[in-house]
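S.K.: See data.csv below, with CSV, N, CA and C atoms.
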```csv
chain,number,residue,atom,x,y,z
A,1303,MET,N,28.4,-56.2,33.1
A,1303,MET,CA,27.1,-55.7,32.8
A,1303,MET,C,26.8,-55.9,31.3
A,1304,ARG,N,25.6,-56.3,31.1
A,1304,ARG,CA,25.2,-56.6,29.8
A,1304,ARG,C,24.3,-55.4,29.3
A,1305,ARG,N,24.6,-54.9,28.0
A,1305,ARG,CA,23.8,-53.9,27.4
A,1305,ARG,C,22.6,-54.4,26.9
A,1306,ALA,N,21.5,-53.7,27.1
A,1306,ALA,CA,20.2,-54.1,26.5
A,1306,ALA,C,20.2,-53.9,25.0
A,1307,GLY,N,19.9,-54.9,24.3
A,1307,GLY,CA,19.9,-54.9,22.9
A,1307,GLY,C,18.5,-54.3,22.4
A,1308,LEU,N,18.5,-54.2,21.1
A,1308,LEU,CA,17.2,-53.6,20.5
A,1308,LEU,C,16.1,-54.7,20.7
A,1309,GLY,N,15.1,-54.2,21.2
A,1309,GLY,CA,13.9,-55.1,21.4
A,1309,GLY,C,13.8,-55.8,22.7
A,1310,GLU,N,14.8,-55.7,23.5
A,1310,GLU,CA,14.8,-56.3,24.8
A,1310,GLU,C,13.9,-55.5,25.8
A,1311,GLY,N,13.0,-56.1,26.4
A,1311,GLY,CA,12.1,-55.4,27.4
A,1311,GLY,C,10.9,-54.8,26.7
A,1312,VAL,N,10.8,-55.0,25.4
A,1312,VAL,CA,9.6,-54.5,24.6
A,1312,VAL,C,8.8,-55.7,24.2
A,1313,PRO,N,7.5,-55.6,24.4
A,1313,PRO,CA,6.7,-56.8,24.0
A,1313,PRO,C,6.9,-57.0,22.5
A,1314,PRO,N,6.8,-58.2,22.0
A,1314,PRO,CA,6.9,-58.6,20.6
A,1314,PRO,C,5.8,-57.8,19.8
A,1315,GLY,N,6.3,-57.3,18.6
A,1315,GLY,CA,5.3,-56.6,17.7
A,1315,GLY,C,5.2,-55.1,18.0
A,1316,ASN,N,5.8,-54.6,19.0
A,1316,ASN,CA,5.7,-53.2,19.3
A,1316,ASN,C,7.0,-52.4,19.1
A,1317,TYR,N,7.8,-52.8,18.2
A,1317,TYR,CA,9.1,-52.1,18.0
A,1317,TYR,C,8.9,-50.7,17.5
A,1318,GLY,N,8.0,-50.5,16.6
A,1318,GLY,CA,7.8,-49.2,15.9
A,1318,GLY,C,7.0,-48.2,16.7
A,1319,ASN,N,6.3,-48.6,17.8
A,1319,ASN,CA,5.4,-47.7,18.5
A,1319,ASN,C,6.1,-46.9,19.6
A,1320,TYR,N,7.3,-47.4,20.0
A,1320,TYR,CA,8.1,-46.7,21.1
A,1320,TYR,C,7.3,-46.6,22.4
A,1321,GLY,N,6.5,-47.6,22.7
A,1321,GLY,CA,5.8,-47.7,23.9
A,1321,GLY,C,4.4,-47.1,23.9
A,1322,TYR,N,4.0,-46.5,22.8
A,1322,TYR,CA,2.7,-46.0,22.7
A,1322,TYR,C,1.7,-47.1,22.3
A,1323,THR,N,0.6,-47.0,22.7
A,1323,THR,CA,-0.4,-48.0,22.2
A,1323,THR,C,-0.9,-47.5,20.9
A,1324,ASN,N,-1.4,-48.4,20.1
A,1324,ASN,CA,-1.8,-48.0,18.7
A,1324,ASN,C,-2.9,-46.9,18.7
A,1325,SER,N,-3.8,-46.9,19.6
A,1325,SER,CA,-4.9,-45.9,19.5
A,1325,SER,C,-4.3,-44.5,20.0
A,1326,GLY,N,-3.4,-44.5,20.9
A,1326,GLY,CA,-2.9,-43.2,21.4
A,1326,GLY,C,-1.9,-42.6,20.3
A,1327,TYR,N,-1.2,-43.5,19.7
A,1327,TYR,CA,-0.3,-43.0,18.6
A,1327,TYR,C,-1.0,-42.5,17.5
A,1328,SER,N,-2.1,-43.1,17.0
A,1328,SER,CA,-2.8,-42.7,15.9
A,1328,SER,C,-3.6,-41.4,16.3
A,1329,ALA,N,-4.0,-41.2,17.5
A,1329,ALA,CA,-4.7,-40.0,17.9
A,1329,ALA,C,-3.7,-38.8,17.9
A,1330,CYS,N,-2.4,-39.1,18.3
A,1330,CYS,CA,-1.4,-38.0,18.2
A,1330,CYS,C,-1.1,-37.7,16.7
A,1331,GLU,N,-1.1,-38.7,15.9
A,1331,GLU,CA,-0.8,-38.5,14.4
A,1331,GLU,C,-2.0,-37.7,13.8
A,1332,GLU,N,-3.2,-38.0,14.2
A,1332,GLU,CA,-4.4,-37.3,13.6
A,1332,GLU,C,-4.3,-35.8,14.1
A,1333,GLU,N,-4.0,-35.6,15.4
A,1333,GLU,CA,-3.9,-34.3,15.9
A,1333,GLU,C,-2.8,-33.5,15.2
A,1334,ASN,N,-1.6,-34.1,14.9
A,1334,ASN,CA,-0.6,-33.5,14.2
A,1334,ASN,C,-1.0,-33.2,12.8
A,1335,GLU,N,-1.7,-34.1,12.1
A,1335,GLU,CA,-2.2,-33.8,10.8
A,1335,GLU,C,-3.2,-32.7,10.7
A,1336,ARG,N,-4.1,-32.6,11.7
A,1336,ARG,CA,-5.0,-31.5,11.8
A,1336,ARG,C,-4.3,-30.2,12.0
A,1337,LEU,N,-3.4,-30.2,12.9
A,1337,LEU,CA,-2.6,-28.9,13.2
A,1337,LEU,C,-1.8,-28.5,12.0
A,1338,THR,N,-1.2,-29.5,11.3
A,1338,THR,CA,-0.5,-29.2,10.1
A,1338,THR,C,-1.3,-28.6,9.0
A,1339,GLU,N,-2.5,-29.1,8.8
A,1339,GLU,CA,-3.5,-28.6,7.8
A,1339,GLU,C,-3.9,-27.2,8.2
A,1340,SER,N,-4.1,-27.0,9.5
A,1340,SER,CA,-4.5,-25.6,9.9
A,1340,SER,C,-3.4,-24.6,9.7
A,1341,LEU,N,-2.2,-25.0,10.0
A,1341,LEU,CA,-1.0,-24.2,9.8
A,1341,LEU,C,-0.8,-23.9,8.3
A,1342,ARG,N,-1.0,-24.9,7.4
A,1342,ARG,CA,-0.9,-24.8,6.0
A,1342,ARG,C,-1.9,-23.8,5.5
A,1343,SER,N,-3.1,-23.8,5.9
A,1343,SER,CA,-4.1,-22.9,5.5
A,1343,SER,C,-3.8,-21.5,5.9
A,1344,LYS,N,-3.3,-21.3,7.1
A,1344,LYS,CA,-2.9,-20.0,7.6
A,1344,LYS,C,-1.8,-19.4,6.8
A,1345,VAL,N,-0.8,-20.3,6.5
A,1345,VAL,CA,0.4,-19.8,5.7
A,1345,VAL,C,-0.1,-19.4,4.3
A,1346,THR,N,-1.0,-20.2,3.7
A,1346,THR,CA,-1.5,-19.8,2.4
A,1346,THR,C,-2.3,-18.5,2.4
A,1347,ALA,N,-3.1,-18.3,3.5
A,1347,ALA,CA,-3.8,-17.0,3.6
A,1347,ALA,C,-2.8,-15.8,3.7
A,1348,ILE,N,-1.8,-16.0,4.5
A,1348,ILE,CA,-0.8,-14.9,4.7
A,1348,ILE,C,0.0,-14.7,3.4
A,1349,LYS,N,0.3,-15.8,2.7
A,1349,LYS,CA,1.0,-15.6,1.4
A,1349,LYS,C,0.1,-14.8,0.4
A,1350,SER,N,-1.1,-15.1,0.3
A,1350,SER,CA,-2.0,-14.4,-0.6
A,1350,SER,C,-2.2,-13.0,-0.2
A,1351,LEU,N,-2.3,-12.7,1.1
A,1351,LEU,CA,-2.4,-11.4,1.6
A,1351,LEU,C,-1.1,-10.6,1.3
A,1352,SER,N,0.0,-11.2,1.5
A,1352,SER,CA,1.3,-10.4,1.2
A,1352,SER,C,1.4,-10.2,-0.3
A,1353,ILE,N,1.0,-11.1,-1.1
A,1353,ILE,CA,1.0,-10.8,-2.6
A,1353,ILE,C,0.1,-9.6,-2.9
A,1354,GLU,N,-1.1,-9.6,-2.3
A,1354,GLU,CA,-2.0,-8.5,-2.6
A,1354,GLU,C,-1.4,-7.2,-2.1
A,1355,ILE,N,-0.8,-7.2,-0.9
A,1355,ILE,CA,-0.1,-6.0,-0.4
A,1355,ILE,C,1.0,-5.5,-1.4
A,1356,GLY,N,1.7,-6.5,-1.9
A,1356,GLY,CA,2.8,-6.1,-2.9
A,1356,GLY,C,2.2,-5.4,-4.2
A,1357,HIS,N,1.1,-6.0,-4.7
A,1357,HIS,CA,0.4,-5.3,-5.8
A,1357,HIS,C,-0.1,-3.9,-5.5
A,1358,GLU,N,-0.6,-3.8,-4.3
A,1358,GLU,CA,-1.1,-2.5,-3.9
A,1358,GLU,C,0.0,-1.5,-3.7
A,1359,VAL,N,1.2,-1.9,-3.2
A,1359,VAL,CA,2.3,-1.0,-3.1
A,1359,VAL,C,2.8,-0.6,-4.4
A,1360,LYS,N,2.8,-1.5,-5.4
A,1360,LYS,CA,3.3,-1.2,-6.7
A,1360,LYS,C,2.4,-0.1,-7.4
A,1361,GLN,N,1.0,-0.3,-7.2
A,1361,GLN,CA,0.1,0.7,-7.7
A,1361,GLN,C,0.2,2.0,-7.0
A,1362,GLN,N,0.5,2.0,-5.7
A,1362,GLN,CA,0.6,3.3,-5.0
A,1362,GLN,C,1.9,4.0,-5.4
A,1363,ASN,N,3.0,3.2,-5.7
A,1363,ASN,CA,4.2,3.8,-6.1
A,1363,ASN,C,4.1,4.4,-7.5
A,1364,LYS,N,3.3,3.8,-8.4
A,1364,LYS,CA,3.1,4.3,-9.7
A,1364,LYS,C,2.3,5.6,-9.6
A,1365,LEU,N,1.3,5.6,-8.8
A,1365,LEU,CA,0.5,6.8,-8.6
A,1365,LEU,C,1.3,8.0,-8.0
A,1366,LEU,N,2.2,7.7,-7.1
A,1366,LEU,CA,3.1,8.7,-6.5
A,1366,LEU,C,4.0,9.3,-7.6
A,1367,ALA,N,4.5,8.4,-8.4
A,1367,ALA,CA,5.5,8.8,-9.5
A,1367,ALA,C,4.7,9.8,-10.4
A,1368,GLU,N,3.5,9.4,-10.8
A,1368,GLU,CA,2.7,10.3,-11.7
A,1368,GLU,C,2.4,11.6,-11.0
A,1369,MET,N,2.1,11.6,-9.7
A,1369,MET,CA,1.8,12.9,-9.0
A,1369,MET,C,3.1,13.7,-8.9
A,1370,ASP,N,4.2,13.1,-8.7
A,1370,ASP,CA,5.5,13.8,-8.7
A,1370,ASP,C,5.8,14.5,-10.0
A,1371,SER,N,5.6,13.8,-11.1
A,1371,SER,CA,5.8,14.5,-12.4
A,1371,SER,C,4.8,15.6,-12.6
A,1372,GLU,N,3.6,15.5,-12.2
A,1372,GLU,CA,2.6,16.5,-12.4
A,1372,GLU,C,2.9,17.7,-11.5
A,1373,PHE,N,3.4,17.5,-10.3
A,1373,PHE,CA,3.8,18.6,-9.4
A,1373,PHE,C,5.0,19.3,-10.0
A,1374,ASP,N,5.9,18.6,-10.6
A,1374,ASP,CA,7.1,19.2,-11.2
A,1374,ASP,C,6.7,20.1,-12.3
A,1375,SER,N,5.8,19.6,-13.2
A,1375,SER,CA,5.4,20.5,-14.3
A,1375,SER,C,4.6,21.7,-13.8
A,1376,THR,N,3.8,21.5,-12.8
A,1376,THR,CA,3.1,22.7,-12.2
A,1376,THR,C,4.0,23.7,-11.6
A,1377,THR,N,5.0,23.2,-10.9
A,1377,THR,CA,6.0,24.0,-10.3
A,1377,THR,C,6.8,24.9,-11.4
A,1378,GLY,N,7.1,24.2,-12.5
A,1378,GLY,CA,7.7,24.9,-13.6
A,1378,GLY,C,6.8,26.0,-14.2
A,1379,PHE,N,5.6,25.7,-14.3
A,1379,PHE,CA,4.6,26.6,-14.9
A,1379,PHE,C,4.4,27.8,-13.9
A,1380,LEU,N,4.3,27.5,-12.6
A,1380,LEU,CA,4.1,28.6,-11.7
A,1380,LEU,C,5.4,29.5,-11.6
A,1381,GLY,N,6.6,28.8,-11.7
A,1381,GLY,CA,7.8,29.6,-11.7
A,1381,GLY,C,7.9,30.6,-12.8
A,1382,LYS,N,7.5,30.1,-14.0
A,1382,LYS,CA,7.6,31.0,-15.2
A,1382,LYS,C,6.6,32.1,-15.0
A,1383,THR,N,5.4,31.8,-14.5
A,1383,THR,CA,4.4,32.9,-14.3
A,1383,THR,C,4.9,33.9,-13.3
A,1384,MET,N,5.5,33.5,-12.2
A,1384,MET,CA,6.0,34.4,-11.2
A,1384,MET,C,7.1,35.2,-11.8
A,1385,GLY,N,8.0,34.6,-12.6
A,1385,GLY,CA,9.0,35.4,-13.3
A,1385,GLY,C,8.5,36.5,-14.2
A,1386,LYS,N,7.4,36.2,-14.9
A,1386,LYS,CA,6.8,37.2,-15.8
A,1386,LYS,C,6.2,38.3,-14.9
A,1387,LEU,N,5.6,37.9,-13.8
A,1387,LEU,CA,5.0,39.0,-12.9
A,1387,LEU,C,6.1,39.9,-12.3
A,1388,LYS,N,7.2,39.3,-12.0
A,1388,LYS,CA,8.3,40.1,-11.5
A,1388,LYS,C,8.8,41.1,-12.5
A,1389,THR,N,8.9,40.6,-13.8
A,1389,THR,CA,9.3,41.4,-14.9
A,1389,THR,C,8.3,42.6,-15.0
A,1390,LEU,N,7.0,42.3,-14.9
A,1390,LEU,CA,6.0,43.3,-15.1
A,1390,LEU,C,6.1,44.3,-13.9
A,1391,SER,N,6.4,43.8,-12.7
A,1391,SER,CA,6.4,44.7,-11.6
A,1391,SER,C,7.7,45.6,-11.6
A,1392,ARG,N,8.7,45.2,-12.1
A,1392,ARG,CA,10.0,46.0,-12.2
A,1392,ARG,C,9.9,47.2,-13.1
A,1393,GLY,N,9.1,47.0,-14.2
A,1393,GLY,CA,9.0,48.0,-15.2
A,1393,GLY,C,8.0,49.1,-14.7
A,1394,SER,N,7.8,50.1,-15.5
A,1394,SER,CA,6.9,51.2,-15.1
A,1394,SER,C,5.5,50.9,-15.7
A,1395,GLN,N,5.2,49.7,-15.7
A,1395,GLN,CA,3.9,49.3,-16.3
A,1395,GLN,C,2.9,49.0,-15.1
A,1396,THR,N,2.9,49.9,-14.2
A,1396,THR,CA,2.0,49.6,-13.0
A,1396,THR,C,0.5,49.6,-13.4
A,1397,LYS,N,0.2,50.4,-14.5
A,1397,LYS,CA,-1.2,50.4,-15.0
A,1397,LYS,C,-1.6,49.0,-15.5
A,1398,LEU,N,-0.7,48.4,-16.3
A,1398,LEU,CA,-0.9,47.1,-16.8
A,1398,LEU,C,-1.0,46.0,-15.7
A,1399,LEU,N,-0.2,46.2,-14.7
A,1399,LEU,CA,-0.2,45.3,-13.5
A,1399,LEU,C,-1.6,45.4,-12.8
A,1400,CYS,N,-2.0,46.6,-12.7
A,1400,CYS,CA,-3.3,46.9,-12.0
A,1400,CYS,C,-4.4,46.2,-12.8
A,1401,TYR,N,-4.4,46.4,-14.1
A,1401,TYR,CA,-5.4,45.7,-15.0
A,1401,TYR,C,-5.4,44.2,-14.8
A,1402,LEU,N,-4.2,43.7,-14.8
A,1402,LEU,CA,-4.0,42.2,-14.6
A,1402,LEU,C,-4.6,41.7,-13.3
A,1403,MET,N,-4.4,42.5,-12.2
A,1403,MET,CA,-4.9,42.1,-10.9
A,1403,MET,C,-6.5,42.2,-10.9
A,1404,LEU,N,-7.0,43.3,-11.5
A,1404,LEU,CA,-8.4,43.4,-11.6
A,1404,LEU,C,-9.1,42.3,-12.4
A,1405,PHE,N,-8.4,41.9,-13.5
A,1405,PHE,CA,-8.9,40.8,-14.4
A,1405,PHE,C,-8.9,39.5,-13.6
A,1406,SER,N,-7.8,39.3,-12.8
A,1406,SER,CA,-7.7,38.1,-12.0
A,1406,SER,C,-8.8,38.0,-11.0
A,1407,LEU,N,-9.1,39.1,-10.3
A,1407,LEU,CA,-10.2,39.2,-9.4
A,1407,LEU,C,-11.5,38.9,-10.0
A,1408,PHE,N,-11.7,39.5,-11.2
A,1408,PHE,CA,-13.0,39.3,-11.9
A,1408,PHE,C,-13.2,37.8,-12.3
A,1409,VAL,N,-12.1,37.2,-12.8
A,1409,VAL,CA,-12.2,35.8,-13.1
A,1409,VAL,C,-12.5,35.0,-11.9
A,1410,PHE,N,-11.9,35.3,-10.8
A,1410,PHE,CA,-12.1,34.6,-9.5
A,1410,PHE,C,-13.5,34.7,-9.1
A,1411,PHE,N,-14.1,35.9,-9.1
A,1411,PHE,CA,-15.5,36.0,-8.7
A,1411,PHE,C,-16.5,35.4,-9.7
A,1412,VAL,N,-16.2,35.4,-11.0
A,1412,VAL,CA,-17.0,34.7,-11.9
A,1412,VAL,C,-17.0,33.2,-11.6
A,1413,ILE,N,-15.9,32.6,-11.4
A,1413,ILE,CA,-15.8,31.2,-11.1
A,1413,ILE,C,-16.5,30.9,-9.8
A,1414,TYR,N,-16.3,31.7,-8.8
A,1414,TYR,CA,-17.0,31.6,-7.5
A,1414,TYR,C,-18.5,31.6,-7.7
A,1415,TRP,N,-19.0,32.5,-8.5
A,1415,TRP,CA,-20.4,32.7,-8.7
A,1415,TRP,C,-21.0,31.5,-9.5
A,1416,ILE,N,-20.2,30.9,-10.4
A,1416,ILE,CA,-20.7,29.7,-11.2
A,1416,ILE,C,-20.8,28.5,-10.2
A,1417,ILE,N,-19.8,28.4,-9.4
A,1417,ILE,CA,-19.8,27.3,-8.4
A,1417,ILE,C,-20.9,27.4,-7.4
A,1418,LYS,N,-21.2,28.6,-7.0
A,1418,LYS,CA,-22.2,28.9,-6.0
A,1418,LYS,C,-23.6,28.6,-6.6
A,1419,LEU,N,-23.8,28.8,-7.9
A,1419,LEU,CA,-25.1,28.5,-8.5
A,1419,LEU,C,-25.4,27.1,-8.6
A,1420,ARG,N,-24.5,26.2,-8.6
A,1420,ARG,CA,-24.7,24.8,-8.8
A,1420,ARG,C,-25.4,24.2,-7.6
```
Can you turn what I pasted into structure tokens?

M.R.:
Amino acid sequence: MRRAGLGEGVPPGNYGNYGYTNSGYSACEEENERLTESLRSKVTAIKSLSIEIGHEVKQQNKLLAEMDSEFDSTTGFLGKTMGKLKTLSRGSQTKLLCYLMLFSLFVFFVIYWIIKLR
């Protein structure tokens, strides 16, 4: 048996087309190019979107870090205030504590009244 060599059984001049006609092969190439460009534009859009998401995540993390430090300072301030109130309540200064509560209520109502007038 004889092995078929390169080019045997193929019409002359059609070695590179692998049996496709010129018009069909170019139509497939054009379709591939169009799909490649479509895919390229989609990948570019996804890439820019992911970059924007990354920037947004960095900004949100910065904001969360700032809020965390603010909450820590507020917690410390409230802890000190509560400690002072406990010290006042342990002593025999109930009259002073009563004045403090009345003053707090007065300030609360004044602020409420100011907000209500706006």

S.K.: May I ask for the distance between atom C of Gly1381 in chain A and atom C of Met1403 in chain A, given in Å to one decimal place?

M.R.: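 For atom C of Gly1381 in chain A relative to atom C of Met1403 in chain A, the distance reads 18.6 Å.
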
S.K.: Between atom C of Ser1406 in chain A and atom C of Lys1382 in chain A, what is the distance, to one decimal in Å?

M.R.: 17.0 Å

S.K.: Could you please determine the separation between atom C of Asn1334 in chain A and atom C of Ile1353 in chain A in Å, to one decimal place?

M.R.: 28.4 Å
